[in-house]
Amino acid sequence: MSLTRREFIKLCMSSAVGASLLTIVGPDLERTLALAADGKPPVIWLQGASCTGCSVSLLNSVDPAIEKVLLDIISLKYHPNISAGSGHLIAEILDEAATKYKDQFILVVEGAIPLNNDGVYCTIAEKDGREITMLHAVNVLGKAAKAVIAAGQCASYGGIPGAAPNPTGVVGVNKIVDEKKVINISLCPMQPDHFLGTVVYILTYGQIPELDRYGRPKMFFPKPIHESCLRREHFDAGRFARFIGDEGCLALLGCKGFVAMSDCPTRGWNNNVNWCVKAGAPCYACSEPTFPDMSSPIYGVYPLTNKTAAAAAYLNPQKTEFLEKNRASRKLAE
């Protein structure tokens with residue numbers, strides 16, 4: 001292949017607006033993928049405590065179209081929304097993956113995994129008249145997989161199902177499987193390019209991409225959103241929006257872009273049509289392990305906890321104390 005890993009990662013990080021990964025890299029990558037996927041590497045997709053939003057997000061992939069990925073690049077052995085089988089038939093597929101394809105298949109986990117009461121709060125199949133829990137399936141398949149992709153915030157860190165009081169005790173995949181195998185594709189829902197780019201990397205180079213301290217591919221989670229935000233100039237000038245729909249930095253309306261690591265401002269969503277801040281909504285830091293509990297209040301000033309300071313900043317956006325505290329939040333993200 002003509003592309004080195006460094007060149008591949010650089011392309012992933014500097015994708016032009018409106019252009020997808022495969023469009024940028026071009027036919028050379030597609031030819032390489034055809035060779036790498038000769039025999040079509042098996043993929044098992046499980047869903048735990050989730051809303052299925054990450055699957056829906058992936059189905060919105062435009063370039064490459066998702067059918068091309070499913071039919072030409074990988075062999076999707078099981079997906080709960082696409083597969084026709086259920087019950088004991090699924091148990092047979094999972095058993096086959098753990099034995100016949102040991103250390104060859106990619107396990108994709110969408111949704112968090114309940115731990116309490118031996119995981120009884122999430123069952124996904126049955127075998128010999130007994131229910132198979134998500135906890136059991138991830139335990140067995142995670143050990144046998146070549147790599148494990150935690151698809152979305154819930155699978156990565158617990159997400160909304162893991163918010164307090166978390167009665168079912170849900171956790172992210174890396175609490176169940178050896179974290180050296182796990183690739184966290186956080187965001188709620190996950191970005192299709194992040195998922196496809198990660199799969200392409202594994203198929204092309206036969207290894208897991210470089211991860212940050214929270215297990216995310218560095219090529220897709222390079223720096224805080226705040227640094228390349230389209231409203232950054234308003235922050236630098238001390239212009240803060242007071243109501244949704246106003247111009248200005250959204251810090252006073254709850255934006256957590258100071259601590260949220262992602263390339264949302266440059267990659268966008270829905271084929272780069274839009275993303276949260278461009279639509280006028282504050283960033284909720286759904287990329288972070290602290291979401292959602294420590295992102296609350298969603299529309300509250302962050303990271304200020306001093307109401308007097310927050311009120312002063314509201315009346316005087318250029319107040320030094322407010323700016324200094326927000327600069328401190330950037331250092332936390334770094």
# chains A, B, ... in the order shown; residues from 1 in each chain; ligands from 1
$ select_by_dssp --residues "region 59-184 of chain A" --states "strand (DSSP E)" --output "number ranges by chain"
A: 75-78, 106-110, 113-114, 123-127, 130-133, 147-151, 170-171, 182-184
$ select_by_dssp --residues "region 37-269 of chain A" --states "helix (DSSP H, G or I)" --output "PyMOL selection string"
chain A and resi 53-59+66-73+88-99+116-119+134-144+153-157+160-162+173-175+192-205+225-228+232-237+251-253+264-267
$ residues_around --residues "region 98-104 of chain A" --least-positions-apart "5" --cutoff "7 Å" --atoms "only C-alpha atoms" --output "number ranges by chain"
A: 41, 141, 144-146
$ residues_around --residues "region 76-78 of chain A" --least-positions-apart "4" --cutoff "8 Å" --atoms "only C-alpha atoms" --output "short mmCIF file (atom, residue, chain, number, x, y, z; two decimals) with N, CA, C and O atoms, in the first residue's frame"
data_model
loop_
_atom_site.label_atom_id
_atom_site.label_comp_id
_atom_site.auth_asym_id
_atom_site.auth_seq_id
_atom_site.Cartn_x
_atom_site.Cartn_y
_atom_site.Cartn_z
N PRO A 42 -15.07 -11.42 9.81
CA PRO A 42 -16.37 -11.47 10.48
C PRO A 42 -16.52 -10.34 11.50
O PRO A 42 -15.57 -9.96 12.18
N VAL A 43 -17.72 -9.80 11.57
CA VAL A 43 -18.05 -8.78 12.56
C VAL A 43 -19.31 -9.21 13.30
O VAL A 43 -20.32 -9.57 12.68
N ILE A 44 -19.23 -9.22 14.61
CA ILE A 44 -20.39 -9.50 15.46
C ILE A 44 -20.78 -8.21 16.16
O ILE A 44 -19.95 -7.57 16.79
N TRP A 45 -22.04 -7.82 16.04
CA TRP A 45 -22.52 -6.55 16.62
C TRP A 45 -23.56 -6.88 17.70
O TRP A 45 -24.56 -7.51 17.42
N LEU A 46 -23.28 -6.47 18.91
CA LEU A 46 -24.20 -6.69 20.02
C LEU A 46 -24.77 -5.37 20.51
O LEU A 46 -24.09 -4.34 20.44
N LEU A 70 -21.10 -3.21 4.30
CA LEU A 70 -21.62 -4.49 4.76
C LEU A 70 -21.42 -5.60 3.74
O LEU A 70 -21.16 -6.76 4.10
N ILE A 82 -30.70 -6.02 12.04
CA ILE A 82 -30.67 -6.43 10.65
C ILE A 82 -30.89 -7.93 10.49
O ILE A 82 -31.53 -8.38 9.54
N SER A 83 -30.35 -8.71 11.42
CA SER A 83 -30.45 -10.16 11.31
C SER A 83 -31.89 -10.64 11.49
O SER A 83 -32.64 -10.09 12.29
N ILE A 90 -29.27 -17.26 17.39
CA ILE A 90 -28.24 -16.26 17.67
C ILE A 90 -27.16 -16.86 18.56
O ILE A 90 -25.97 -16.60 18.38
N ILE A 93 -24.68 -18.61 16.46
CA ILE A 93 -23.78 -17.70 15.76
C ILE A 93 -22.69 -17.19 16.70
O ILE A 93 -21.51 -17.11 16.34
#
$ closest_residue --among "A:His79, A:Lys143, A:Arg5, A:His234" --to "Ile202 (chain A)" --atoms "only C-alpha atoms"
A:Arg5
$ atom_distance --atom1 "CA of Gln153 (chain A)" --atom2 "CA of His88 (chain A)"
29.2 Å
$ closest_residue --among "A:Glu110, A:Glu288, A:Asp118, A:Asp236" --to "Lys256 (chain A)" --atoms "only C-alpha atoms"
A:Glu288
$ closest_residue --among "A:Pro289, A:Gly254, A:Gly111, A:Gly53" --to "Arg213 (chain A)" --atoms "only C-alpha atoms"
A:Pro289
$ atom_distance --atom1 "CA of Leu89 (chain A)" --atom2 "CA of Leu115 (chain A)"
24.7 Å
$ residues_around --residues "Ile244 (chain A)" --least-positions-apart "5" --cutoff "9 Å" --atoms "only C-alpha atoms" --output "list in words"
Leu250, Leu253, Gly280, Ala281 and Pro282 of chain A
$ write_last_selection --atoms "N, CA and C atoms" --output "PDB file, in the first residue's frame"
ATOM      1  N   LEU A 250     -21.228  30.209  23.482  1.00  0.00           N
ATOM      2  CA  LEU A 250     -22.335  29.595  24.219  1.00  0.00           C
ATOM      3  C   LEU A 250     -21.950  29.144  25.623  1.00  0.00           C
ATOM      4  N   LEU A 253     -24.474  29.399  28.279  1.00  0.00           N
ATOM      5  CA  LEU A 253     -25.655  28.572  28.044  1.00  0.00           C
ATOM      6  C   LEU A 253     -25.332  27.091  28.192  1.00  0.00           C
ATOM      7  N   GLY A 280     -26.769  25.909  16.910  1.00  0.00           N
ATOM      8  CA  GLY A 280     -27.138  26.857  17.953  1.00  0.00           C
ATOM      9  C   GLY A 280     -27.253  26.259  19.337  1.00  0.00           C
ATOM     10  N   ALA A 281     -26.929  24.969  19.475  1.00  0.00           N
ATOM     11  CA  ALA A 281     -27.003  24.304  20.780  1.00  0.00           C
ATOM     12  C   ALA A 281     -25.614  24.208  21.395  1.00  0.00           C
ATOM     13  N   PRO A 282     -25.496  24.272  22.713  1.00  0.00           N
ATOM     14  CA  PRO A 282     -24.187  24.118  23.352  1.00  0.00           C
ATOM     15  C   PRO A 282     -23.688  22.682  23.246  1.00  0.00           C
TER      16      PRO A 282
END
$ residues_around --residues "Ser296 (chain A)" --least-positions-apart "4" --cutoff "9 Å" --atoms "only C-alpha atoms" --output "PDB file with N, CA and C atoms, in the first residue's frame"
ATOM      1  N   GLY A 254     -24.181  26.806  28.804  1.00  0.00           N
ATOM      2  CA  GLY A 254     -23.864  25.421  29.138  1.00  0.00           C
ATOM      3  C   GLY A 254     -22.898  24.711  28.233  1.00  0.00           C
ATOM      4  N   TYR A 284     -22.439  19.299  24.793  1.00  0.00           N
ATOM      5  CA  TYR A 284     -22.733  18.633  26.062  1.00  0.00           C
ATOM      6  C   TYR A 284     -21.584  17.744  26.532  1.00  0.00           C
ATOM      7  N   PHE A 291     -19.745  12.287  30.979  1.00  0.00           N
ATOM      8  CA  PHE A 291     -21.108  12.517  30.504  1.00  0.00           C
ATOM      9  C   PHE A 291     -22.013  11.376  30.980  1.00  0.00           C
ATOM     10  N   PRO A 292     -23.253  11.649  31.435  1.00  0.00           N
ATOM     11  CA  PRO A 292     -23.909  12.944  31.487  1.00  0.00           C
ATOM     12  C   PRO A 292     -23.863  13.621  32.857  1.00  0.00           C
ATOM     13  N   GLY A 300     -26.475  24.864  31.966  1.00  0.00           N
ATOM     14  CA  GLY A 300     -25.907  25.669  33.036  1.00  0.00           C
ATOM     15  C   GLY A 300     -24.463  26.039  32.755  1.00  0.00           C
ATOM     16  N   TYR A 302     -20.625  26.264  32.867  1.00  0.00           N
ATOM     17  CA  TYR A 302     -19.640  25.226  33.160  1.00  0.00           C
ATOM     18  C   TYR A 302     -18.264  25.744  32.782  1.00  0.00           C
TER      19      TYR A 302
END
$ atom_distance --atom1 "CA of Gln191 (chain A)" --atom2 "CA of Ala164 (chain A)"
25.4 Å
$ residues_around --residues "Gly169 (chain A)" --least-positions-apart "2" --cutoff "6 Å" --atoms "only C-alpha atoms" --output "PyMOL selection string"
chain A and resi 114-116+166-167
$ closest_atom_pairs --of "region 187-221 of chain A" --to "region 262-275 of chain A" --cutoff "12 Å" --atoms "only C-alpha atoms" --output "CSV"
residue,atom,partner,partner_atom,distance
A:Leu187,CA,A:Ser262,CA,8.4
A:Cys188,CA,A:Trp269,CA,11.6
A:Pro189,CA,A:Trp269,CA,10.3
A:Met190,CA,A:Trp269,CA,9.9
A:Gln191,CA,A:Trp269,CA,7.1
A:Pro192,CA,A:Trp269,CA,8.5
A:Asp193,CA,A:Arg267,CA,8.5
A:His194,CA,A:Asp263,CA,9.7
A:Asp212,CA,A:Ser262,CA,11.6
A:Arg216,CA,A:Ser262,CA,9.8
A:Pro217,CA,A:Ser262,CA,10.1
A:Lys218,CA,A:Ser262,CA,9.1
A:Met219,CA,A:Asp263,CA,8.8
A:Phe220,CA,A:Asp263,CA,6.0
A:Phe221,CA,A:Ser262,CA,4.2
$ closest_residue --among "A:Ile225, A:Val173, A:Cys54, A:Val200" --to "Val148 (chain A)" --atoms "only C-alpha atoms"
A:Val173
$ closest_residue --among "A:Leu230, A:Ile185, A:Cys283, A:Ala237" --to "Val199 (chain A)" --atoms "only C-alpha atoms"
A:Ile185
$ closest_residue --among "A:Val120, A:Cys229, A:Ala150, A:Val301" --to "Lys175 (chain A)" --atoms "only C-alpha atoms"
A:Ala150
